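I have placed the structure first, in the form of structure tokens, so that the comments after it can refer back to it.
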Amino acid sequence: MYNQTEIIKDTSELGADGELVINMGPQHPATHGVLHLVVTLNGETIKKIEPHLGYIHRSIEKMCESLTYRQFIYVTSRMDYLSSHINNLGCALLVEKGMQIEVPDRAKYVRVILSELTRIASHELWLGAMAMDLGAFTPFFYAFREREMITDIMEDTCGARLTMNYIVPGGLMYDLHPDFQKKVKAFITQFKSKVTEYEDLVTNNVIFQSRTKGVGILSAEDAISYGCTGPVARASGVSCDIRKIYPYEVYDKVEFDEVLETAGDSFARYMVRVKEMNQSIRIIEQLIDNIPEGDFVGKTKNVLKLPKGEFYTRVETARGEFGVYVVSEGGTTPHRIKFRSPGFSNLSVLNHISVGSKIGDLMASMGTLDLVIPDIDR
Amino acid sequence: MTNEEIKEYITTLAPAATFDETGEWLNILVTAEELKPLMLALRNGKMQMNYLFCLTCVDFKTHLTMVYHLSATTHRQSIVIKANLNREQPVVETICDIWRTAEFLEREVFEMFGVHFSNHPDLRKLILEDDFKGYPLRKDFEDPINMIKL
């Protein structure tokens with residue numbers, strides 16, 4: 001038996017021989033996907049982390065080059081599968097911007113409500129999985145209880161629970177389910193009565209706090225330099241909410257706060273996401289009773305052709321800024337399409353925030369970055 | 001800053017730059033040699049462009065174009081910097097010492113388009129396997145086994 005101080009003592013005097021290289025993944029319970037990290041250790045101290053990507057690379061950008069502007073949207077649901085509505089929305093906005101398609105108000109309201117429901121579902125899944133990585137199994141069931149209600153709403157409305165394809169250029173694919181408003185309201189009531197349970201179970205938990213506070217600290221300058229967005233950057237005090245800076249759809253009509261924390265550690269990233277769920281509920285509450293009647297899809301041509309030129313749109317997914325860059329030659333398919341995925345930039349900061357900490361803390365730093373691997377590999 | 005002011009400012013930094021205002025943002029086309037000094041000046045000079053939100057490459061069949069989308073967290077103005085490279089030996093100076101996010105993005109462009117970034121600290125394949133032949137996102141890339149064209 002070693003005593004604990006002996007195991008974790010810094011063995012830097014051993015030089016290169018004291019280094020230990022560990023392959024974390026591609027199959028690892030805490031990466032929630034196929035992410036391969038090559039971790040170089042010195043004792044228990046992390047010296048370097050090298051991500052090896054591509055285990056789920058499908059070359060979506062190349063695939064989109066041979067798909068029409070109606071077809072390519074469906075592929076984007078398979079990138080960040082937890083924010084599929086928001087990915088679809090970003091692509092639909094791009095086509096609408098390029099062709100100047102008018103979107104009816106009804107569609108705009110529903111799109112925002114669905115985006116916020118998606119955001120809550122994504123954060124719920126993250127919360128459960130993250131707590132599970134840190135050894136607390138119960139929050140997983142609590143989080144999935146509420147998430148299940150959202151997936152049921154999605155199933156009624158869009159016909160799918162995970163990779164929804166409901167938002168199309170011009171509006172929505174079909175009208176809302178008659179029970180939509182009733183079910184969303186039931187979800188809001190349920191969520192509000194249960195959200196305090198997360199606080200009791202996770203936020204105020206001494207073990208959780210001591211494992212996340214001061215772990216994986218990211219400064220505001222580094223967050224900007226590494227291109228971090230979403231809750232990761234906002235936990236470092238960087239104001240980067242696309243919904244506030246470049247409002248799209250009806251985000252300029254609703255009241256909500258951009259959640260900012262200043263600590264920049266794993267706990268701050270956790271707090272941002274929990275508080276964001278409450279803000280999403282606030283947005284849905286303002287919109288759910290005011291969905292205007294009328295058309296759910298605007299008038300579009302059968303064949304969509306973007307004019308020659310370059311287009312860029314950005315939306316705020318659950319993980320950060322999702323950008324779509326299209327170079328069009330005037331045809332029915334894009335000449336080049338680039339998805340600026342938030343997870344890719346957030347992953348690049350992992351080495352920076354983990355070097356010098358212990359390997360046990362890697363779970364907390366990596367978990368709070370909220371990496372979705374298909375979004376990174378594309 | 002208005003577009004006219006930016007154009008004036010850029011012309012002092014890179015005299016050969018050409019401008020295109022047809023899109024949403026101001027597009028600035030510079031030569032590959034001028035790119036690095038211009039980027040340094042944009043980051044540290046009076047524009048303080050501290051946020052590189054998109055870095056990619058486009059294959060126009062006759063040449064490759066590097067596209068850099070820059071913005072700032074203070075004034076939120078976005079500009080697009082472009083540089084044309086020849087297809088046979090595309091070489092451009094790395095910018096990952098200015099914006100750290102460029103390190104991974106350049107590695108992705110390196111494997112997908114074959115653009116060589118000089119002075120990059122760790123220019124290896126990121127997504128594709130090490131022995132992969134060819135540059136998949138180039139227009140003339142054909143893969144007989146994994147067909148992705150319809």
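Ordering of the structure tokens sets the chain letters (A, B, ...); residue numbers start at 1 within each chain; ligands are numbered from 1 in the order shown.
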If we count only C-alpha atoms, what is near B:Glu24 at a cut-off of 10 Å, once residues fewer than 2 positions away on the same chain are taken out, given as an mmCIF file with N, CA and C atoms, in the first residue's frame?
data_model
loop_
_atom_site.group_PDB
_atom_site.id
_atom_site.type_symbol
_atom_site.label_atom_id
_atom_site.label_comp_id
_atom_site.auth_asym_id
_atom_site.auth_seq_id
_atom_site.Cartn_x
_atom_site.Cartn_y
_atom_site.Cartn_z
ATOM 1 N N GLY A 309 -22.497 34.393 -54.559
ATOM 2 C CA GLY A 309 -21.957 35.201 -53.472
ATOM 3 C C GLY A 309 -21.663 34.362 -52.246
ATOM 4 N N GLU A 310 -21.396 35.040 -51.139
ATOM 5 C CA GLU A 310 -21.057 34.351 -49.901
ATOM 6 C C GLU A 310 -22.024 34.759 -48.807
ATOM 7 N N PHE A 311 -22.405 33.783 -48.008
ATOM 8 C CA PHE A 311 -23.383 34.046 -46.960
ATOM 9 C C PHE A 311 -22.903 33.441 -45.655
ATOM 10 N N TYR A 312 -23.232 34.105 -44.565
ATOM 11 C CA TYR A 312 -22.850 33.596 -43.249
ATOM 12 C C TYR A 312 -23.974 33.888 -42.270
ATOM 13 N N GLU B 21 -17.377 44.882 -51.378
ATOM 14 C CA GLU B 21 -18.413 45.215 -50.400
ATOM 15 C C GLU B 21 -19.769 44.648 -50.770
ATOM 16 N N THR B 22 -19.807 43.691 -51.710
ATOM 17 C CA THR B 22 -21.108 43.196 -52.155
ATOM 18 C C THR B 22 -21.785 42.333 -51.100
ATOM 19 N N LEU B 26 -17.343 43.557 -45.112
ATOM 20 C CA LEU B 26 -16.263 44.007 -45.989
ATOM 21 C C LEU B 26 -15.284 42.856 -46.223
ATOM 22 N N ASN B 27 -15.046 42.539 -47.494
ATOM 23 C CA ASN B 27 -14.088 41.486 -47.859
ATOM 24 C C ASN B 27 -12.784 42.127 -48.301
ATOM 25 N N SER B 78 -17.426 42.947 -37.918
ATOM 26 C CA SER B 78 -16.807 41.778 -38.533
ATOM 27 C C SER B 78 -16.221 42.149 -39.887
ATOM 28 N N ILE B 79 -15.058 41.612 -40.192
ATOM 29 C CA ILE B 79 -14.486 41.748 -41.530
ATOM 30 C C ILE B 79 -13.982 40.380 -41.988
ATOM 31 N N VAL B 80 -13.815 40.248 -43.280
ATOM 32 C CA VAL B 80 -13.362 38.982 -43.854
ATOM 33 C C VAL B 80 -12.058 39.238 -44.592
#
### Task
Within 8 Å of chain A, which residues of chain B are there when counting only C-alpha atoms? Please give them as a ChimeraX atom specification.
/B:23-24,50-54,56,58-59,73,98-102,104,126-129,136-137,148-150
Can I get the selection written as a PDB file, in the first residue's frame, with N, CA and C atoms?
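Contents of again_8.pdb, freshly written:
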ATOM      1  N   GLY B  23     -21.005  41.682 -50.261  1.00  0.00           N
ATOM      2  CA  GLY B  23     -21.590  40.787 -49.253  1.00  0.00           C
ATOM      3  C   GLY B  23     -22.028  41.536 -48.016  1.00  0.00           C
ATOM      4  N   GLU B  24     -22.285  40.733 -46.965  1.00  0.00           N
ATOM      5  CA  GLU B  24     -22.732  41.315 -45.707  1.00  0.00           C
ATOM      6  C   GLU B  24     -21.624  42.133 -45.045  1.00  0.00           C
ATOM      7  N   ASN B  50      -9.940  40.727 -31.777  1.00  0.00           N
ATOM      8  CA  ASN B  50      -9.426  39.665 -30.907  1.00  0.00           C
ATOM      9  C   ASN B  50     -10.136  38.331 -31.088  1.00  0.00           C
ATOM     10  N   TYR B  51     -11.121  38.273 -31.983  1.00  0.00           N
ATOM     11  CA  TYR B  51     -11.939  37.067 -32.068  1.00  0.00           C
ATOM     12  C   TYR B  51     -11.965  36.563 -33.514  1.00  0.00           C
ATOM     13  N   LEU B  52     -11.291  35.450 -33.739  1.00  0.00           N
ATOM     14  CA  LEU B  52     -11.315  34.793 -35.048  1.00  0.00           C
ATOM     15  C   LEU B  52     -12.411  33.743 -34.983  1.00  0.00           C
ATOM     16  N   PHE B  53     -13.557  34.010 -35.616  1.00  0.00           N
ATOM     17  CA  PHE B  53     -14.662  33.070 -35.419  1.00  0.00           C
ATOM     18  C   PHE B  53     -14.798  32.032 -36.515  1.00  0.00           C
ATOM     19  N   CYS B  54     -14.105  32.203 -37.616  1.00  0.00           N
ATOM     20  CA  CYS B  54     -14.191  31.172 -38.649  1.00  0.00           C
ATOM     21  C   CYS B  54     -12.918  31.224 -39.477  1.00  0.00           C
ATOM     22  N   THR B  56     -11.351  29.065 -42.803  1.00  0.00           N
ATOM     23  CA  THR B  56     -11.564  27.949 -43.714  1.00  0.00           C
ATOM     24  C   THR B  56     -10.900  28.229 -45.048  1.00  0.00           C
ATOM     25  N   VAL B  58     -11.476  27.652 -49.469  1.00  0.00           N
ATOM     26  CA  VAL B  58     -12.429  27.341 -50.538  1.00  0.00           C
ATOM     27  C   VAL B  58     -11.624  26.985 -51.783  1.00  0.00           C
ATOM     28  N   ASP B  59     -12.035  25.898 -52.445  1.00  0.00           N
ATOM     29  CA  ASP B  59     -11.367  25.499 -53.676  1.00  0.00           C
ATOM     30  C   ASP B  59     -12.153  26.046 -54.863  1.00  0.00           C
ATOM     31  N   THR B  73     -14.653  41.522 -29.646  1.00  0.00           N
ATOM     32  CA  THR B  73     -15.663  41.448 -28.591  1.00  0.00           C
ATOM     33  C   THR B  73     -16.010  42.832 -28.059  1.00  0.00           C
ATOM     34  N   ILE B  98      -1.284  34.235 -33.107  1.00  0.00           N
ATOM     35  CA  ILE B  98      -2.094  35.428 -32.850  1.00  0.00           C
ATOM     36  C   ILE B  98      -3.418  35.029 -32.204  1.00  0.00           C
ATOM     37  N   TRP B  99      -4.098  34.058 -32.830  1.00  0.00           N
ATOM     38  CA  TRP B  99      -5.328  33.507 -32.259  1.00  0.00           C
ATOM     39  C   TRP B  99      -5.098  32.030 -32.033  1.00  0.00           C
ATOM     40  N   ARG B 100      -5.234  31.567 -30.805  1.00  0.00           N
ATOM     41  CA  ARG B 100      -4.910  30.182 -30.486  1.00  0.00           C
ATOM     42  C   ARG B 100      -5.869  29.202 -31.151  1.00  0.00           C
ATOM     43  N   THR B 101      -7.093  29.641 -31.398  1.00  0.00           N
ATOM     44  CA  THR B 101      -8.074  28.745 -32.019  1.00  0.00           C
ATOM     45  C   THR B 101      -7.639  28.298 -33.402  1.00  0.00           C
ATOM     46  N   ALA B 102      -6.740  29.079 -34.042  1.00  0.00           N
ATOM     47  CA  ALA B 102      -6.319  28.759 -35.407  1.00  0.00           C
ATOM     48  C   ALA B 102      -5.511  27.472 -35.468  1.00  0.00           C
ATOM     49  N   PHE B 104      -6.009  24.355 -34.349  1.00  0.00           N
ATOM     50  CA  PHE B 104      -6.795  23.195 -34.801  1.00  0.00           C
ATOM     51  C   PHE B 104      -7.425  23.457 -36.161  1.00  0.00           C
ATOM     52  N   LEU B 126      -5.530  15.867 -38.292  1.00  0.00           N
ATOM     53  CA  LEU B 126      -6.317  15.935 -37.061  1.00  0.00           C
ATOM     54  C   LEU B 126      -7.487  14.958 -37.104  1.00  0.00           C
ATOM     55  N   ILE B 127      -8.186  14.925 -38.229  1.00  0.00           N
ATOM     56  CA  ILE B 127      -9.401  14.125 -38.321  1.00  0.00           C
ATOM     57  C   ILE B 127      -9.163  12.846 -39.117  1.00  0.00           C
ATOM     58  N   LEU B 128      -8.490  12.948 -40.246  1.00  0.00           N
ATOM     59  CA  LEU B 128      -8.276  11.769 -41.085  1.00  0.00           C
ATOM     60  C   LEU B 128      -7.148  10.900 -40.521  1.00  0.00           C
ATOM     61  N   GLU B 129      -7.117   9.633 -40.960  1.00  0.00           N
ATOM     62  CA  GLU B 129      -6.038   8.767 -40.486  1.00  0.00           C
ATOM     63  C   GLU B 129      -4.718   9.180 -41.148  1.00  0.00           C
ATOM     64  N   PRO B 136      -9.609  15.645 -49.321  1.00  0.00           N
ATOM     65  CA  PRO B 136     -11.022  15.357 -49.608  1.00  0.00           C
ATOM     66  C   PRO B 136     -11.877  16.562 -49.988  1.00  0.00           C
ATOM     67  N   LEU B 137     -11.603  17.719 -49.454  1.00  0.00           N
ATOM     68  CA  LEU B 137     -12.506  18.830 -49.737  1.00  0.00           C
ATOM     69  C   LEU B 137     -12.130  19.587 -51.012  1.00  0.00           C
ATOM     70  N   ILE B 148     -19.520   9.906 -52.034  1.00  0.00           N
ATOM     71  CA  ILE B 148     -20.452  10.794 -51.356  1.00  0.00           C
ATOM     72  C   ILE B 148     -21.218  11.655 -52.335  1.00  0.00           C
ATOM     73  N   LYS B 149     -20.911  11.528 -53.625  1.00  0.00           N
ATOM     74  CA  LYS B 149     -21.689  12.270 -54.619  1.00  0.00           C
ATOM     75  C   LYS B 149     -22.975  11.509 -54.912  1.00  0.00           C
ATOM     76  N   LEU B 150     -24.020  12.236 -55.234  1.00  0.00           N
ATOM     77  CA  LEU B 150     -25.268  11.561 -55.574  1.00  0.00           C
ATOM     78  C   LEU B 150     -25.274  11.152 -57.038  1.00  0.00           C
TER      79      LEU B 150
END
### Task
Please identify which residues in chain B DSSP calls strand (DSSP E or B) from the backbone, and express them as a VMD selection string.
chain B and resid 18 to 20 26 to 30 51 to 59 63 to 71 79 to 86 91 to 93 116 to 118
#### Entry: Straight-line distance linking atom CA of A:Met277 with atom CA of A:Ser115, stated in Å to one decimal
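These atoms are spaced 11.9 Å apart.
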### Which of A:Leu172, A:Ala131, A:Val110, A:Val95 sits closest to A:Tyr198 [using only C-alpha atoms]
A:Ala131
Contact residues around A:Glu199 with only C-alpha atoms at 9 Å, ignoring same-chain residues under 5 positions, as a compact mmCIF listing (two decimals) with N, CA and C atoms, in the first residue's frame:
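As written to disk, selection.txt reads:
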# COMPACT_ATOMS: atom_id res chain seq x y z
N ASN A 204 -25.50 22.31 -4.29
CA ASN A 204 -25.09 22.50 -2.90
C ASN A 204 -24.36 21.29 -2.33
N ASN A 205 -24.02 20.36 -3.19
CA ASN A 205 -23.34 19.16 -2.74
C ASN A 205 -21.86 19.47 -2.49
N VAL A 274 -27.06 25.83 -15.58
CA VAL A 274 -28.27 25.68 -14.77
C VAL A 274 -29.11 26.95 -14.82
### Task
Take atom CA of A:Ala121 and atom CA of B:Leu105 and report the distance between them in Å, one decimal.
29.1 Å
### Task
Give the answer as one residue: which of B:Leu70, B:Ile28, B:Glu108, B:Gln89 has the shortest atom-to-atom distance to B:Glu8, using only C-alpha atoms?
B:Ile28
### Task
Find the residues near B:Ala83: any atom within 9 Å, counting only C-alpha atoms, skip ones fewer than 6 places away on the same chain, and give them as a list in words.
Ile28, Leu29, Val30, Thr31, Ala32, Glu34, Leu35, Leu64, Thr65, Met66, Val67, Tyr68 and Val92 of chain B
Store the residues picked out above in a file with C-alpha atoms, as a PDB file, in the first residue's frame.
ATOM      1  CA  ILE B  28     -10.390  42.209 -48.100  1.00  0.00           C
ATOM      2  CA  LEU B  29      -8.258  40.252 -50.536  1.00  0.00           C
ATOM      3  CA  VAL B  30      -4.531  40.329 -49.841  1.00  0.00           C
ATOM      4  CA  THR B  31      -1.543  38.353 -51.076  1.00  0.00           C
ATOM      5  CA  ALA B  32      -0.250  35.432 -49.033  1.00  0.00           C
ATOM      6  CA  GLU B  34       1.019  40.358 -46.825  1.00  0.00           C
ATOM      7  CA  LEU B  35      -1.329  38.250 -44.733  1.00  0.00           C
ATOM      8  CA  LEU B  64      -7.467  28.018 -53.340  1.00  0.00           C
ATOM      9  CA  THR B  65      -8.690  30.888 -51.182  1.00  0.00           C
ATOM     10  CA  MET B  66      -8.042  31.097 -47.457  1.00  0.00           C
ATOM     11  CA  VAL B  67     -10.933  32.829 -45.677  1.00  0.00           C
ATOM     12  CA  TYR B  68     -10.576  34.373 -42.224  1.00  0.00           C
ATOM     13  CA  VAL B  92       0.761  30.491 -46.124  1.00  0.00           C
TER      14      VAL B  92
END
### Message
I need the residues in stretch 4-147 of chain B that are alpha helix (DSSP H) according to DSSP; give them as a ChimeraX atom specification.
### Response
/B:4-13,32-44,102-113
### Query
Leaving out stretch 16-26 of chain A and any residue of its chain fewer than 5 positions from it, which residues lie within 8 Å of it when counting only C-alpha atoms, given as JSON, numbers by chain?
{"A": [11, 31, 33, 34, 35, 36, 37, 38, 39, 40, 41, 42, 43, 55]}
### Query
atom CA of A:Glu44 to atom CA of A:Met363: how many Å, to one decimal?
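Distance between the two atoms: 13.5 Å.
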### Query
So which residues touch A:Pro307 within 9 Å, counting only C-alpha atoms, skipping near sequence neighbours fewer than 6 positions away, as a list in words?
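After dropping sequence-adjacent residues, the list is Gly98, Met99, Ser328, Glu329, Gly330 and Gly331 of chain A.
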Could you save those same residues with C-alpha atoms as an mmCIF file, in the first residue's frame?
data_model
loop_
_atom_site.group_PDB
_atom_site.id
_atom_site.type_symbol
_atom_site.label_atom_id
_atom_site.label_comp_id
_atom_site.auth_asym_id
_atom_site.auth_seq_id
_atom_site.Cartn_x
_atom_site.Cartn_y
_atom_site.Cartn_z
ATOM 1 C CA GLY A 98 -29.792 34.567 -49.313
ATOM 2 C CA MET A 99 -33.116 34.363 -51.111
ATOM 3 C CA SER A 328 -22.628 29.923 -53.783
ATOM 4 C CA GLU A 329 -21.965 29.912 -57.511
ATOM 5 C CA GLY A 330 -25.639 30.501 -58.236
ATOM 6 C CA GLY A 331 -26.650 26.883 -58.619
#
So that I can check the surroundings of A:Gly216, please list as a tab-separated table (two decimals) with N, CA and C atoms, in the first residue's frame every protein, DNA and RNA residue that reaches within 12 Å of it, counting only C-alpha atoms and ignoring chain neighbours fewer than 5 positions away.
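Wrote selection04.tsv, looks like this:
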chain	number	residue	atom	x	y	z
A	46	ILE	N	-1.07	16.20	-15.20
A	46	ILE	CA	-1.20	16.20	-16.65
A	46	ILE	C	-0.15	17.13	-17.25
A	211	ARG	N	-14.98	19.21	-6.10
A	211	ARG	CA	-14.39	18.62	-7.30
A	211	ARG	C	-14.40	19.58	-8.48
A	232	VAL	N	-19.24	28.03	-22.01
A	232	VAL	CA	-17.81	27.96	-21.64
A	232	VAL	C	-17.23	29.37	-21.55
A	235	ALA	N	-18.93	31.61	-18.73
A	235	ALA	CA	-18.47	31.34	-17.37
A	235	ALA	C	-17.19	32.09	-17.06
A	236	SER	N	-16.47	32.54	-18.11
A	236	SER	CA	-15.26	33.33	-17.90
A	236	SER	C	-15.55	34.82	-18.01
A	263	ALA	N	-15.81	33.45	-12.53
A	263	ALA	CA	-14.75	32.59	-11.98
A	263	ALA	C	-14.01	31.84	-13.09
A	264	GLY	N	-14.70	31.40	-14.11
A	264	GLY	CA	-14.05	30.69	-15.21
A	264	GLY	C	-13.69	29.25	-14.91
A	265	ASP	N	-14.09	28.73	-13.76
A	265	ASP	CA	-13.75	27.34	-13.44
A	265	ASP	C	-14.92	26.42	-13.79
A	266	SER	N	-14.74	25.14	-13.52
A	266	SER	CA	-15.77	24.17	-13.90
A	266	SER	C	-17.10	24.46	-13.21
A	267	PHE	N	-17.02	24.91	-11.97
A	267	PHE	CA	-18.26	25.19	-11.24
A	267	PHE	C	-19.02	26.34	-11.89
A	268	ALA	N	-18.29	27.36	-12.35
A	268	ALA	CA	-18.94	28.49	-13.02
A	268	ALA	C	-19.63	28.03	-14.29
A	269	ARG	N	-18.97	27.13	-15.04
A	269	ARG	CA	-19.59	26.62	-16.27
A	269	ARG	C	-20.85	25.84	-15.94
A	349	VAL	N	-9.49	24.10	-26.30
A	349	VAL	CA	-9.02	24.72	-25.08
A	349	VAL	C	-8.71	23.68	-23.99
A	350	LEU	N	-9.08	22.42	-24.26
A	350	LEU	CA	-8.96	21.39	-23.21
A	350	LEU	C	-7.53	21.24	-22.71
A	351	ASN	N	-6.57	21.21	-23.65
A	351	ASN	CA	-5.17	21.06	-23.24
A	351	ASN	C	-4.76	22.23	-22.34
A	352	HIS	N	-5.16	23.43	-22.73
A	352	HIS	CA	-4.76	24.63	-22.01
A	352	HIS	C	-5.27	24.64	-20.57
A	353	ILE	N	-6.54	24.24	-20.37
A	353	ILE	CA	-7.08	24.36	-19.01
A	353	ILE	C	-6.73	23.16	-18.14
A	354	SER	N	-6.21	22.09	-18.74
A	354	SER	CA	-5.96	20.90	-17.93
A	354	SER	C	-4.49	20.71	-17.55
A	355	VAL	N	-3.59	21.35	-18.29
A	355	VAL	CA	-2.17	21.14	-18.01
A	355	VAL	C	-1.84	21.62	-16.59
A	356	GLY	N	-1.17	20.75	-15.85
A	356	GLY	CA	-0.78	21.10	-14.49
A	356	GLY	C	-1.76	20.61	-13.44
A	357	SER	N	-2.96	20.20	-13.86
A	357	SER	CA	-3.90	19.68	-12.87
A	357	SER	C	-3.77	18.16	-12.80
A	358	LYS	N	-4.46	17.57	-11.86
A	358	LYS	CA	-4.38	16.11	-11.68
A	358	LYS	C	-5.33	15.41	-12.64
A	359	ILE	N	-5.03	14.15	-12.94
A	359	ILE	CA	-5.86	13.44	-13.93
A	359	ILE	C	-7.30	13.28	-13.46
A	360	GLY	N	-7.50	13.22	-12.16
A	360	GLY	CA	-8.87	13.11	-11.64
A	360	GLY	C	-9.70	14.34	-11.95
A	361	ASP	N	-9.03	15.48	-12.08
A	361	ASP	CA	-9.75	16.72	-12.39
A	361	ASP	C	-10.13	16.82	-13.86
A	362	LEU	N	-9.53	15.95	-14.69
A	362	LEU	CA	-9.81	16.02	-16.12
A	362	LEU	C	-11.30	15.77	-16.40
A	363	MET	N	-11.91	14.88	-15.60
A	363	MET	CA	-13.33	14.59	-15.78
A	363	MET	C	-14.15	15.86	-15.62
A	364	ALA	N	-13.80	16.65	-14.62
A	364	ALA	CA	-14.57	17.88	-14.36
A	364	ALA	C	-14.34	18.90	-15.47
A	365	SER	N	-13.07	19.10	-15.90
A	365	SER	CA	-12.80	20.10	-16.95
A	365	SER	C	-13.44	19.67	-18.26
A	366	MET	N	-13.29	18.38	-18.60
A	366	MET	CA	-13.81	17.92	-19.88
A	366	MET	C	-15.33	17.88	-19.85
A	367	GLY	N	-15.89	17.43	-18.75
A	367	GLY	CA	-17.34	17.34	-18.64
A	367	GLY	C	-18.01	18.69	-18.80
A	368	THR	N	-17.42	19.72	-18.19
A	368	THR	CA	-18.07	21.02	-18.25
A	368	THR	C	-17.85	21.73	-19.57
A	369	LEU	N	-16.95	21.21	-20.44
A	369	LEU	CA	-16.86	21.80	-21.78
A	369	LEU	C	-18.04	21.36	-22.63
### Task
Identify which of the residues A:Ala160, A:Ile49, A:Val168, A:Ala30 lies closest to A:Thr300, counting only C-alpha atoms when measuring atom-to-atom distances.
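The closest residue to A:Thr300 is A:Val168.
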### Query
With only C-alpha atoms as the atoms that count, which of B:Thr62, B:Thr11, B:Asn84, B:Thr94 lies nearest to B:Asp140?
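With only C-alpha atoms as the atom set, the closest residue is B:Thr62.
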